[in-house]
$ cat input37.cif   # mmCIF, C-alpha atoms
data_start
loop_
_atom_site.group_PDB
_atom_site.id
_atom_site.type_symbol
_atom_site.label_atom_id
_atom_site.label_comp_id
_atom_site.auth_asym_id
_atom_site.auth_seq_id
_atom_site.Cartn_x
_atom_site.Cartn_y
_atom_site.Cartn_z
ATOM 1 C CA MET A 10 -49.582 12.157 -23.386
ATOM 2 C CA ASP A 11 -47.231 10.028 -25.485
ATOM 3 C CA GLY A 12 -44.328 12.355 -24.653
ATOM 4 C CA GLN A 13 -45.083 12.266 -20.947
ATOM 5 C CA THR A 14 -45.410 8.491 -21.043
ATOM 6 C CA LYS A 15 -42.029 8.141 -22.742
ATOM 7 C CA LEU A 16 -40.475 10.512 -20.205
ATOM 8 C CA ARG A 17 -41.896 8.515 -17.317
ATOM 9 C CA SER A 18 -40.705 5.272 -18.882
ATOM 10 C CA SER A 19 -37.246 6.740 -19.356
ATOM 11 C CA SER A 20 -37.118 7.944 -15.737
ATOM 12 C CA ALA A 21 -38.278 4.548 -14.472
ATOM 13 C CA ALA A 22 -35.597 2.816 -16.575
ATOM 14 C CA LYS A 23 -32.911 5.122 -15.171
ATOM 15 C CA ARG A 24 -34.055 4.457 -11.610
ATOM 16 C CA ALA A 25 -34.049 0.730 -12.240
ATOM 17 C CA TYR A 26 -30.558 0.948 -13.729
ATOM 18 C CA CYS A 27 -29.275 2.972 -10.742
ATOM 19 C CA ILE A 28 -30.789 0.455 -8.326
ATOM 20 C CA LEU A 29 -29.137 -2.399 -10.209
ATOM 21 C CA VAL A 30 -25.773 -0.634 -10.113
ATOM 22 C CA TYR A 31 -26.065 0.000 -6.368
ATOM 23 C CA VAL A 32 -27.016 -3.633 -5.739
ATOM 24 C CA VAL A 33 -24.039 -4.930 -7.733
ATOM 25 C CA VAL A 34 -21.617 -2.500 -6.053
ATOM 26 C CA ALA A 35 -22.980 -3.365 -2.597
ATOM 27 C CA PHE A 36 -22.630 -7.077 -3.374
ATOM 28 C CA PHE A 37 -18.974 -6.806 -4.389
ATOM 29 C CA ALA A 38 -18.247 -4.470 -1.463
ATOM 30 C CA LEU A 39 -19.722 -7.080 0.864
ATOM 31 C CA LEU A 40 -17.545 -9.774 -0.703
ATOM 32 C CA ALA A 41 -14.478 -7.603 -0.092
ATOM 33 C CA ILE A 42 -15.390 -6.803 3.522
ATOM 34 C CA ILE A 43 -16.442 -10.279 4.714
ATOM 35 C CA PRO A 44 -12.874 -11.734 4.899
ATOM 36 C CA PHE A 45 -11.755 -8.828 7.096
ATOM 37 C CA VAL A 46 -14.824 -9.153 9.319
ATOM 38 C CA PHE A 47 -14.186 -12.884 9.656
ATOM 39 C CA MET A 48 -10.514 -12.314 10.507
ATOM 40 C CA PHE A 49 -11.101 -9.622 13.141
ATOM 41 C CA CYS A 50 -14.019 -11.477 14.719
ATOM 42 C CA SER A 51 -12.133 -14.792 14.804
ATOM 43 C CA ALA A 52 -9.370 -13.083 16.798
ATOM 44 C CA THR A 53 -11.834 -12.855 19.721
ATOM 45 C CA TRP A 54 -12.775 -16.572 19.757
ATOM 46 C CA ASP A 55 -10.935 -19.691 20.881
ATOM 47 C CA SER A 56 -9.672 -22.291 18.430
ATOM 48 C CA GLY A 57 -12.460 -24.794 19.145
ATOM 49 C CA ASN A 58 -15.256 -22.384 18.282
ATOM 50 C CA ILE A 59 -13.515 -21.259 15.105
ATOM 51 C CA GLN A 60 -13.212 -24.838 13.861
ATOM 52 C CA THR A 61 -16.909 -25.566 14.406
ATOM 53 C CA SER A 62 -18.365 -22.569 12.539
ATOM 54 C CA ILE A 63 -17.550 -19.381 10.658
ATOM 55 C CA LYS A 64 -17.524 -16.427 13.030
ATOM 56 C CA LEU A 65 -18.865 -13.194 11.566
ATOM 57 C CA TRP A 66 -19.509 -11.596 14.953
ATOM 58 C CA PRO A 67 -17.229 -10.897 17.935
ATOM 59 C CA ASN A 68 -17.190 -12.974 21.099
ATOM 60 C CA PHE A 69 -19.411 -10.626 23.080
ATOM 61 C CA GLY A 70 -19.560 -13.011 26.036
ATOM 62 C CA ASN A 71 -15.809 -12.935 26.659
ATOM 63 C CA LEU A 72 -14.451 -10.328 24.266
ATOM 64 C CA ILE A 73 -11.558 -8.939 26.317
ATOM 65 C CA GLY A 74 -10.683 -12.152 28.128
ATOM 66 C CA GLN A 75 -10.447 -14.379 25.036
ATOM 67 C CA THR A 76 -8.658 -11.744 22.989
ATOM 68 C CA LYS A 77 -6.077 -11.390 25.759
ATOM 69 C CA ALA A 78 -5.760 -15.174 25.972
ATOM 70 C CA ASN A 79 -5.098 -15.360 22.215
ATOM 71 C CA TYR A 80 -2.452 -12.663 22.563
ATOM 72 C CA ASN A 81 -0.783 -14.491 25.470
ATOM 73 C CA THR A 82 -0.738 -17.724 23.484
ATOM 74 C CA LEU A 83 0.842 -15.954 20.551
ATOM 75 C CA ALA A 84 3.356 -14.131 22.755
ATOM 76 C CA GLN A 85 4.671 -17.477 24.015
ATOM 77 C CA ARG A 86 5.777 -18.440 20.526
ATOM 78 C CA SER A 87 9.501 -17.911 20.064
ATOM 79 C CA THR A 88 9.070 -17.141 16.365
ATOM 80 C CA PHE A 89 6.439 -14.423 16.849
ATOM 81 C CA LYS A 90 7.478 -11.184 18.538
ATOM 82 C CA PHE A 91 4.854 -8.585 17.784
ATOM 83 C CA ALA A 92 6.810 -5.561 19.021
ATOM 84 C CA VAL A 93 9.894 -6.514 16.975
ATOM 85 C CA GLY A 94 7.883 -7.288 13.847
ATOM 86 C CA PHE A 95 5.848 -4.101 14.153
ATOM 87 C CA LYS A 96 8.986 -1.989 14.588
ATOM 88 C CA ASN A 97 10.675 -3.620 11.594
ATOM 89 C CA SER A 98 7.592 -3.281 9.384
ATOM 90 C CA MET A 99 7.099 0.349 10.385
ATOM 91 C CA LEU A 100 10.763 1.231 9.839
ATOM 92 C CA ILE A 101 11.001 -0.482 6.452
ATOM 93 C CA SER A 102 7.648 0.837 5.232
ATOM 94 C CA GLY A 103 8.273 4.381 6.464
ATOM 95 C CA CYS A 104 11.768 4.702 5.013
ATOM 96 C CA SER A 105 10.786 3.027 1.749
ATOM 97 C CA THR A 106 7.806 5.339 1.350
ATOM 98 C CA ALA A 107 9.869 8.470 2.009
ATOM 99 C CA LEU A 108 12.540 7.452 -0.511
ATOM 100 C CA THR A 109 9.980 6.362 -3.090
ATOM 101 C CA VAL A 110 7.880 9.525 -3.156
ATOM 102 C CA TYR A 111 10.782 11.997 -2.954
ATOM 103 C CA PHE A 112 13.074 10.536 -5.604
ATOM 104 C CA SER A 113 10.165 9.593 -7.846
ATOM 105 C CA ALA A 114 8.862 13.154 -7.641
ATOM 106 C CA LEU A 115 12.371 14.428 -8.404
ATOM 107 C CA THR A 116 12.645 12.135 -11.441
ATOM 108 C CA ALA A 117 9.198 13.058 -12.744
ATOM 109 C CA TYR A 118 10.010 16.752 -12.225
ATOM 110 C CA GLY A 119 13.200 16.386 -14.251
ATOM 111 C CA LEU A 120 11.385 14.643 -17.095
ATOM 112 C CA LYS A 121 8.728 17.346 -17.101
ATOM 113 C CA CYS A 122 10.766 20.533 -16.697
ATOM 114 C CA TYR A 123 14.066 19.823 -18.483
ATOM 115 C CA GLU A 124 14.604 19.555 -22.217
ATOM 116 C CA PHE A 125 17.410 17.129 -23.040
ATOM 117 C CA LYS A 126 18.177 14.488 -25.624
ATOM 118 C CA GLY A 127 16.852 11.061 -24.823
ATOM 119 C CA ARG A 128 14.131 12.270 -22.461
ATOM 120 C CA LYS A 129 11.415 10.321 -24.258
ATOM 121 C CA VAL A 130 13.634 7.255 -24.426
ATOM 122 C CA ILE A 131 14.275 7.383 -20.682
ATOM 123 C CA PHE A 132 10.564 7.715 -19.966
ATOM 124 C CA ALA A 133 9.865 4.773 -22.289
ATOM 125 C CA ILE A 134 12.440 2.695 -20.387
ATOM 126 C CA ILE A 135 10.776 3.609 -17.082
ATOM 127 C CA VAL A 136 7.418 2.510 -18.457
ATOM 128 C CA GLY A 137 9.001 -0.700 -19.761
ATOM 129 C CA VAL A 138 10.520 -1.511 -16.360
ATOM 130 C CA MET A 139 7.008 -1.329 -14.914
ATOM 131 C CA MET A 140 6.197 -4.472 -16.891
ATOM 132 C CA VAL A 141 9.028 -6.516 -15.366
ATOM 133 C CA PRO A 142 7.854 -8.623 -12.380
ATOM 134 C CA THR A 143 9.888 -8.703 -9.180
ATOM 135 C CA ALA A 144 10.492 -12.444 -9.462
ATOM 136 C CA VAL A 145 12.538 -11.933 -12.629
ATOM 137 C CA ASN A 146 15.311 -9.841 -11.054
ATOM 138 C CA ILE A 147 15.215 -11.148 -7.485
ATOM 139 C CA THR A 148 18.011 -13.658 -8.152
ATOM 140 C CA GLY A 149 20.419 -11.006 -9.401
ATOM 141 C CA TYR A 150 19.496 -8.654 -6.585
ATOM 142 C CA TYR A 151 20.004 -11.445 -4.036
ATOM 143 C CA ARG A 152 23.522 -12.117 -5.344
ATOM 144 C CA LEU A 153 24.293 -8.385 -5.339
ATOM 145 C CA MET A 154 23.234 -7.970 -1.710
ATOM 146 C CA HIS A 155 25.179 -11.103 -0.750
ATOM 147 C CA SER A 156 28.347 -9.795 -2.393
ATOM 148 C CA MET A 157 27.924 -6.455 -0.589
ATOM 149 C CA GLY A 158 27.447 -8.171 2.774
ATOM 150 C CA LEU A 159 23.967 -6.689 3.261
ATOM 151 C CA LEU A 160 21.971 -9.906 3.030
ATOM 152 C CA GLY A 161 19.601 -10.124 6.005
ATOM 153 C CA SER A 162 19.708 -6.383 6.650
ATOM 154 C CA LYS A 163 16.639 -4.143 6.461
ATOM 155 C CA LEU A 164 18.582 -1.989 3.997
ATOM 156 C CA THR A 165 17.999 -4.611 1.301
ATOM 157 C CA LEU A 166 14.322 -3.614 1.321
ATOM 158 C CA ILE A 167 14.835 0.130 1.804
ATOM 159 C CA ILE A 168 17.485 0.915 -0.832
ATOM 160 C CA PRO A 169 15.486 -0.339 -3.882
ATOM 161 C CA ALA A 170 12.648 2.035 -2.954
ATOM 162 C CA ILE A 171 14.661 4.862 -4.544
ATOM 163 C CA ALA A 172 13.775 3.435 -7.976
ATOM 164 C CA ALA A 173 9.984 3.140 -8.257
ATOM 165 C CA PRO A 174 8.899 3.304 -11.926
ATOM 166 C CA ASN A 175 5.179 3.073 -11.123
ATOM 167 C CA THR A 176 5.379 6.116 -8.867
ATOM 168 C CA VAL A 177 7.451 8.064 -11.403
ATOM 169 C CA PHE A 178 4.908 7.345 -14.117
ATOM 170 C CA PHE A 179 1.963 8.409 -11.963
ATOM 171 C CA ILE A 180 3.549 11.665 -10.789
ATOM 172 C CA LYS A 181 4.697 12.439 -14.351
ATOM 173 C CA GLN A 182 1.114 12.087 -15.560
ATOM 174 C CA TYR A 183 -0.045 14.307 -12.722
ATOM 175 C CA LEU A 184 2.489 16.985 -13.662
ATOM 176 C CA ASP A 185 1.410 16.850 -17.292
ATOM 177 C CA SER A 186 -2.149 17.639 -16.265
ATOM 178 C CA SER A 187 -1.711 20.006 -13.307
ATOM 179 C CA PHE A 188 1.707 21.647 -13.431
ATOM 180 C CA SER A 189 2.808 24.739 -15.365
ATOM 181 C CA ILE A 190 6.461 25.178 -16.297
ATOM 182 C CA ASP A 191 5.940 28.928 -16.132
ATOM 183 C CA ILE A 192 6.210 28.661 -12.341
ATOM 184 C CA VAL A 193 9.671 27.136 -12.638
ATOM 185 C CA GLU A 194 10.800 29.721 -15.162
ATOM 186 C CA ALA A 195 9.552 32.562 -12.948
ATOM 187 C CA ALA A 196 11.508 31.135 -10.016
ATOM 188 C CA ARG A 197 14.659 30.935 -12.134
ATOM 189 C CA ILE A 198 14.262 34.557 -13.210
ATOM 190 C CA ASP A 199 14.024 35.534 -9.534
ATOM 191 C CA GLY A 200 17.350 33.795 -8.915
ATOM 192 C CA ALA A 201 16.091 30.658 -7.147
ATOM 193 C CA GLY A 202 18.314 27.587 -7.357
ATOM 194 C CA GLU A 203 17.111 24.350 -8.935
ATOM 195 C CA PHE A 204 16.763 22.387 -5.703
ATOM 196 C CA TYR A 205 15.144 25.357 -3.969
ATOM 197 C CA THR A 206 12.641 25.593 -6.816
ATOM 198 C CA PHE A 207 11.879 21.903 -6.569
ATOM 199 C CA ASN A 208 11.684 21.587 -2.777
ATOM 200 C CA ARG A 209 9.961 24.869 -1.919
ATOM 201 C CA ILE A 210 7.838 25.650 -4.993
ATOM 202 C CA SER A 211 7.226 22.547 -7.111
ATOM 203 C CA LEU A 212 7.010 19.858 -4.437
ATOM 204 C CA PRO A 213 4.025 21.413 -2.595
ATOM 205 C CA ILE A 214 2.089 21.446 -5.880
ATOM 206 C CA MET A 215 2.617 17.686 -6.158
ATOM 207 C CA ILE A 216 1.115 16.967 -2.713
ATOM 208 C CA PRO A 217 -2.084 15.248 -4.012
ATOM 209 C CA ALA A 218 -0.082 12.866 -6.212
ATOM 210 C CA ILE A 219 2.599 12.348 -3.557
ATOM 211 C CA ALA A 220 0.012 11.613 -0.861
ATOM 212 C CA THR A 221 -1.676 9.047 -3.094
ATOM 213 C CA GLN A 222 1.545 7.280 -3.984
ATOM 214 C CA ALA A 223 2.768 7.439 -0.378
ATOM 215 C CA ILE A 224 -0.299 5.486 0.688
ATOM 216 C CA PHE A 225 0.160 2.870 -2.033
ATOM 217 C CA SER A 226 3.873 2.604 -1.304
ATOM 218 C CA PHE A 227 3.346 2.213 2.428
ATOM 219 C CA LEU A 228 0.633 -0.417 2.011
ATOM 220 C CA GLY A 229 2.654 -2.306 -0.578
ATOM 221 C CA SER A 230 5.782 -2.304 1.575
ATOM 222 C CA TRP A 231 3.882 -3.293 4.713
ATOM 223 C CA ASN A 232 2.122 -6.210 2.999
ATOM 224 C CA ASN A 233 5.172 -7.338 1.043
ATOM 225 C CA PHE A 234 5.958 -10.969 1.716
ATOM 226 C CA PHE A 235 7.843 -12.353 -1.286
ATOM 227 C CA THR A 236 10.939 -10.148 -1.187
ATOM 228 C CA PRO A 237 11.438 -10.110 2.624
ATOM 229 C CA SER A 238 11.038 -13.893 2.761
ATOM 230 C CA ILE A 239 14.072 -14.219 0.465
ATOM 231 C CA LEU A 240 16.301 -11.388 1.708
ATOM 232 C CA LEU A 241 15.650 -11.312 5.475
ATOM 233 C CA ASN A 242 17.288 -14.350 7.041
ATOM 234 C CA LYS A 243 17.790 -12.811 10.481
ATOM 235 C CA SER A 244 14.965 -13.244 12.972
ATOM 236 C CA GLU A 245 15.531 -9.818 14.569
ATOM 237 C CA ASN A 246 14.885 -8.105 11.213
ATOM 238 C CA LYS A 247 11.779 -10.000 10.113
ATOM 239 C CA THR A 248 8.532 -8.165 9.441
ATOM 240 C CA LEU A 249 5.055 -8.972 10.745
ATOM 241 C CA PRO A 250 3.876 -10.840 7.604
ATOM 242 C CA LEU A 251 6.920 -13.118 7.844
ATOM 243 C CA MET A 252 6.305 -13.839 11.519
ATOM 244 C CA VAL A 253 2.654 -14.650 10.885
ATOM 245 C CA ALA A 254 3.577 -16.969 8.004
ATOM 246 C CA GLU A 255 6.034 -18.841 10.238
ATOM 247 C CA LEU A 256 3.167 -19.804 12.534
ATOM 248 C CA TYR A 257 1.887 -22.118 9.811
ATOM 249 C CA GLY A 258 5.358 -23.487 9.209
ATOM 250 C CA ASP A 259 5.593 -24.452 12.888
ATOM 251 C CA ARG A 260 2.298 -26.402 12.578
ATOM 252 C CA PHE A 261 0.744 -24.072 15.118
ATOM 253 C CA THR A 262 -2.958 -25.038 15.439
ATOM 254 C CA ASP A 263 -4.374 -22.416 17.789
ATOM 255 C CA PHE A 264 -6.485 -20.598 15.223
ATOM 256 C CA GLY A 265 -7.623 -17.950 17.683
ATOM 257 C CA ALA A 266 -4.019 -16.887 18.224
ATOM 258 C CA ILE A 267 -3.279 -17.115 14.490
ATOM 259 C CA TYR A 268 -6.192 -14.844 13.602
ATOM 260 C CA PHE A 269 -5.096 -12.446 16.320
ATOM 261 C CA GLY A 270 -1.658 -12.276 14.701
ATOM 262 C CA LEU A 271 -3.209 -11.730 11.277
ATOM 263 C CA SER A 272 -5.457 -8.990 12.647
ATOM 264 C CA ALA A 273 -2.534 -7.303 14.384
ATOM 265 C CA SER A 274 -0.522 -7.276 11.150
ATOM 266 C CA VAL A 275 -3.402 -5.919 9.043
ATOM 267 C CA PHE A 276 -4.917 -3.455 11.525
ATOM 268 C CA PRO A 277 -2.367 -0.624 10.936
ATOM 269 C CA VAL A 278 -2.950 -0.878 7.188
ATOM 270 C CA VAL A 279 -6.721 -0.644 7.653
ATOM 271 C CA ILE A 280 -6.310 2.431 9.861
ATOM 272 C CA VAL A 281 -4.053 4.148 7.328
ATOM 273 C CA TYR A 282 -6.484 3.423 4.514
ATOM 274 C CA CYS A 283 -9.573 4.585 6.437
ATOM 275 C CA PHE A 284 -8.034 7.957 7.274
ATOM 276 C CA LEU A 285 -6.346 8.605 3.924
ATOM 277 C CA GLN A 286 -8.734 7.058 1.391
ATOM 278 C CA ARG A 287 -9.910 10.493 0.238
ATOM 279 C CA TYR A 288 -6.384 11.225 -0.965
ATOM 280 C CA ILE A 289 -6.426 7.999 -2.978
ATOM 281 C CA ILE A 290 -9.662 8.918 -4.762
ATOM 282 C CA SER A 291 -8.711 12.538 -5.452
ATOM 283 C CA GLY A 292 -5.123 11.698 -6.391
ATOM 284 C CA VAL A 293 -6.048 8.913 -8.798
ATOM 285 C CA ALA A 294 -8.665 11.150 -10.423
ATOM 286 C CA ALA A 295 -6.157 13.998 -10.826
ATOM 287 C CA GLY A 296 -3.331 11.795 -12.080
ATOM 288 C CA GLY A 297 -5.494 9.892 -14.492
ATOM 289 C CA VAL A 298 -6.604 12.936 -16.533
ATOM 290 C CA LYS A 299 -4.318 14.647 -19.007
ATOM 291 C CA GLU A 300 -5.260 17.918 -20.654
#
$ encode --input "input37.cif" --output "structure tokens"
Amino acid sequence: MDGQTKLRSSSAAKRAYCILVYVVVAFFALLAIIPFVFMFCSATWDSGNIQTSIKLWPNFGNLIGQTKANYNTLAQRSTFKFAVGFKNSMLISGCSTALTVYFSALTAYGLKCYEFKGRKVIFAIIVGVMMVPTAVNITGYYRLMHSMGLLGSKLTLIIPAIAAPNTVFFIKQYLDSSFSIDIVEAARIDGAGEFYTFNRISLPIMIPAIATQAIFSFLGSWNNFFTPSILLNKSENKTLPLMVAELYGDRFTDFGAIYFGLSASVFPVVIVYCFLQRYIISGVAAGGVKE
């Protein structure tokens, strides 16, 4: 009886612990979701209603009409052009992501598959660069782009994506745990060239890590505000986050229209995350384990 009692007590303690964990996780998940719910719901209300109370539900009485009115109000602003901002954000984020994942995968592949002097030193430098914040080198990069005549161009945000130390480090860790050099050696014996081996044989093996980093790179580039605010001084090249921020600078007080602009700038990111979150979980799990 004593053994059964202890077993029951242990099972009850485990159930209580699991319930506590679920409650804590649900609480923090709710804290993370509430700001998005408030933002999307506020986009369907007029400014007066938003100022009187916090809106955590849509304007069911006039959902389409008020949302359209908020869009029309925002469209009349000379500093906010949704189509232009969306195109710029999509172009910059898409090109940056493509350059980041390809050249980072190429760098990680070289560090993994080639034996040369200084390999460990180079990898240590890459890890060290990860610790340097963007604000430290933005002044030098600004002067470089100004001297090259590229200041204000979207290229100033696309070109640096070639060097992404965080992505290189992640893919390198993934290769250490999931990639066999024997595949590369077999391809060389069969007469395959180095770039053919990388693009046709090695790159498909990296898909889980590449997909994960592509998502992070796209989201980071889309949400980036600090660097574009310094480098993009031409209105036709500004991204959505910059256009939304300028609404506050113009002392624009229609909060319904402001929340519509915020929702429009965040909505593509939410869609990308909802459809590709499984790659994030599986990719992080695979890249975080080293045999």
$ resolve_selection --input "input37.cif" --expression "the PyMOL selection byres ((chain A and resi 237-242) around 12)" --output "ChimeraX atom specification"
/A:97-98,101-102,143-144,147-155,158-167,230-236,243-255
$ residues_around --input "input37.cif" --residues "Gly70 in chain A" --least-positions-apart "5" --cutoff "10 Å" --atoms "only C-alpha atoms" --output "list in words"
Thr53, Trp54 and Gln75 of chain A
$ atom_distance --input "input37.cif" --atom1 "CA of Tyr282 in chain A" --atom2 "CA of Phe225 in chain A"
9.3 Å
$ resolve_selection --input "input37.cif" --expression "the PyMOL selection byres ((chain A and resi 82) around 10)" --output "list in words"
Thr76, Lys77, Ala78, Asn79, Tyr80, Asn81, Leu83, Ala84, Gln85, Arg86, Asp263, Gly265, Ala266, Ile267 and Phe269 of chain A
$ residues_around --input "input37.cif" --residues "Tyr268 in chain A" --least-positions-apart "3" --cutoff "8 Å" --atoms "all atoms listed in the file" --output "list of chain:residue names"
A:Met48, A:Phe49, A:Ser51, A:Ala52, A:Phe264, A:Gly265, A:Leu271, A:Ser272
$ resolve_selection --input "input37.cif" --expression "the PyMOL selection byres ((chain A and resi 129-136) around 8)" --output "list in words"
Leu120, Gly127, Arg128, Gly137, Val138, Met139, Met140, Pro174, Asn175, Val177 and Phe178 of chain A
$ decode --input "input37.cif" --residues "range 34-43 of chain A" --atoms "all heavy atoms" --output "PDB file, in the first residue's frame"
ATOM      1  N   VAL A  34       2.865  28.923 -19.587  1.00  0.00           N
ATOM      2  CA  VAL A  34       3.074  29.083 -21.024  1.00  0.00           C
ATOM      3  C   VAL A  34       1.894  29.801 -21.670  1.00  0.00           C
ATOM      4  O   VAL A  34       2.067  30.693 -22.516  1.00  0.00           O
ATOM      5  CB  VAL A  34       3.304  27.705 -21.686  1.00  0.00           C
ATOM      6  CG1 VAL A  34       3.294  27.834 -23.203  1.00  0.00           C
ATOM      7  CG2 VAL A  34       4.616  27.100 -21.214  1.00  0.00           C
ATOM      8  N   ALA A  35       0.673  29.419 -21.274  1.00  0.00           N
ATOM      9  CA  ALA A  35      -0.523  30.069 -21.826  1.00  0.00           C
ATOM     10  C   ALA A  35      -0.569  31.544 -21.446  1.00  0.00           C
ATOM     11  O   ALA A  35      -0.968  32.396 -22.262  1.00  0.00           O
ATOM     12  CB  ALA A  35      -1.780  29.358 -21.330  1.00  0.00           C
ATOM     13  N   PHE A  36      -0.130  31.857 -20.226  1.00  0.00           N
ATOM     14  CA  PHE A  36      -0.122  33.253 -19.776  1.00  0.00           C
ATOM     15  C   PHE A  36       0.823  34.095 -20.624  1.00  0.00           C
ATOM     16  O   PHE A  36       0.457  35.185 -21.099  1.00  0.00           O
ATOM     17  CB  PHE A  36       0.280  33.312 -18.301  1.00  0.00           C
ATOM     18  CG  PHE A  36       0.460  34.709 -17.781  1.00  0.00           C
ATOM     19  CD1 PHE A  36      -0.632  35.533 -17.533  1.00  0.00           C
ATOM     20  CD2 PHE A  36       1.738  35.214 -17.541  1.00  0.00           C
ATOM     21  CE1 PHE A  36      -0.461  36.829 -17.065  1.00  0.00           C
ATOM     22  CE2 PHE A  36       1.909  36.498 -17.063  1.00  0.00           C
ATOM     23  CZ  PHE A  36       0.820  37.308 -16.824  1.00  0.00           C
ATOM     24  N   PHE A  37       2.049  33.604 -20.818  1.00  0.00           N
ATOM     25  CA  PHE A  37       3.018  34.371 -21.607  1.00  0.00           C
ATOM     26  C   PHE A  37       2.627  34.413 -23.084  1.00  0.00           C
ATOM     27  O   PHE A  37       2.891  35.414 -23.775  1.00  0.00           O
ATOM     28  CB  PHE A  37       4.417  33.781 -21.438  1.00  0.00           C
ATOM     29  CG  PHE A  37       5.067  34.132 -20.130  1.00  0.00           C
ATOM     30  CD1 PHE A  37       5.182  33.195 -19.122  1.00  0.00           C
ATOM     31  CD2 PHE A  37       5.536  35.409 -19.902  1.00  0.00           C
ATOM     32  CE1 PHE A  37       5.772  33.523 -17.915  1.00  0.00           C
ATOM     33  CE2 PHE A  37       6.130  35.756 -18.701  1.00  0.00           C
ATOM     34  CZ  PHE A  37       6.247  34.804 -17.697  1.00  0.00           C
ATOM     35  N   ALA A  38       2.006  33.343 -23.590  1.00  0.00           N
ATOM     36  CA  ALA A  38       1.520  33.366 -24.967  1.00  0.00           C
ATOM     37  C   ALA A  38       0.435  34.419 -25.138  1.00  0.00           C
ATOM     38  O   ALA A  38       0.384  35.134 -26.150  1.00  0.00           O
ATOM     39  CB  ALA A  38       0.985  31.986 -25.349  1.00  0.00           C
ATOM     40  N   LEU A  39      -0.431  34.533 -24.122  1.00  0.00           N
ATOM     41  CA  LEU A  39      -1.485  35.544 -24.170  1.00  0.00           C
ATOM     42  C   LEU A  39      -0.897  36.947 -24.150  1.00  0.00           C
ATOM     43  O   LEU A  39      -1.357  37.839 -24.881  1.00  0.00           O
ATOM     44  CB  LEU A  39      -2.436  35.348 -22.989  1.00  0.00           C
ATOM     45  CG  LEU A  39      -3.705  36.204 -22.971  1.00  0.00           C
ATOM     46  CD1 LEU A  39      -4.580  35.882 -24.176  1.00  0.00           C
ATOM     47  CD2 LEU A  39      -4.489  35.973 -21.688  1.00  0.00           C
ATOM     48  N   LEU A  40       0.135  37.148 -23.331  1.00  0.00           N
ATOM     49  CA  LEU A  40       0.799  38.453 -23.293  1.00  0.00           C
ATOM     50  C   LEU A  40       1.409  38.814 -24.641  1.00  0.00           C
ATOM     51  O   LEU A  40       1.434  39.990 -25.030  1.00  0.00           O
ATOM     52  CB  LEU A  40       1.883  38.454 -22.217  1.00  0.00           C
ATOM     53  CG  LEU A  40       1.431  38.472 -20.755  1.00  0.00           C
ATOM     54  CD1 LEU A  40       2.643  38.498 -19.834  1.00  0.00           C
ATOM     55  CD2 LEU A  40       0.533  39.664 -20.473  1.00  0.00           C
ATOM     56  N   ALA A  41       1.921  37.807 -25.356  1.00  0.00           N
ATOM     57  CA  ALA A  41       2.538  38.057 -26.655  1.00  0.00           C
ATOM     58  C   ALA A  41       1.497  38.334 -27.736  1.00  0.00           C
ATOM     59  O   ALA A  41       1.749  39.099 -28.674  1.00  0.00           O
ATOM     60  CB  ALA A  41       3.405  36.862 -27.069  1.00  0.00           C
ATOM     61  N   ILE A  42       0.313  37.724 -27.611  1.00  0.00           N
ATOM     62  CA  ILE A  42      -0.704  37.834 -28.648  1.00  0.00           C
ATOM     63  C   ILE A  42      -1.532  39.104 -28.500  1.00  0.00           C
ATOM     64  O   ILE A  42      -1.955  39.702 -29.501  1.00  0.00           O
ATOM     65  CB  ILE A  42      -1.612  36.589 -28.628  1.00  0.00           C
ATOM     66  CG1 ILE A  42      -0.822  35.361 -29.070  1.00  0.00           C
ATOM     67  CG2 ILE A  42      -2.827  36.771 -29.531  1.00  0.00           C
ATOM     68  CD1 ILE A  42      -1.585  34.069 -28.944  1.00  0.00           C
ATOM     69  N   ILE A  43      -1.769  39.542 -27.258  1.00  0.00           N
ATOM     70  CA  ILE A  43      -2.671  40.674 -27.013  1.00  0.00           C
ATOM     71  C   ILE A  43      -2.291  41.932 -27.809  1.00  0.00           C
ATOM     72  O   ILE A  43      -3.171  42.581 -28.394  1.00  0.00           O
ATOM     73  CB  ILE A  43      -2.747  40.975 -25.498  1.00  0.00           C
ATOM     74  CG1 ILE A  43      -3.637  39.938 -24.816  1.00  0.00           C
ATOM     75  CG2 ILE A  43      -3.301  42.378 -25.248  1.00  0.00           C
ATOM     76  CD1 ILE A  43      -3.770  40.136 -23.316  1.00  0.00           C
TER      77      ILE A  43
END
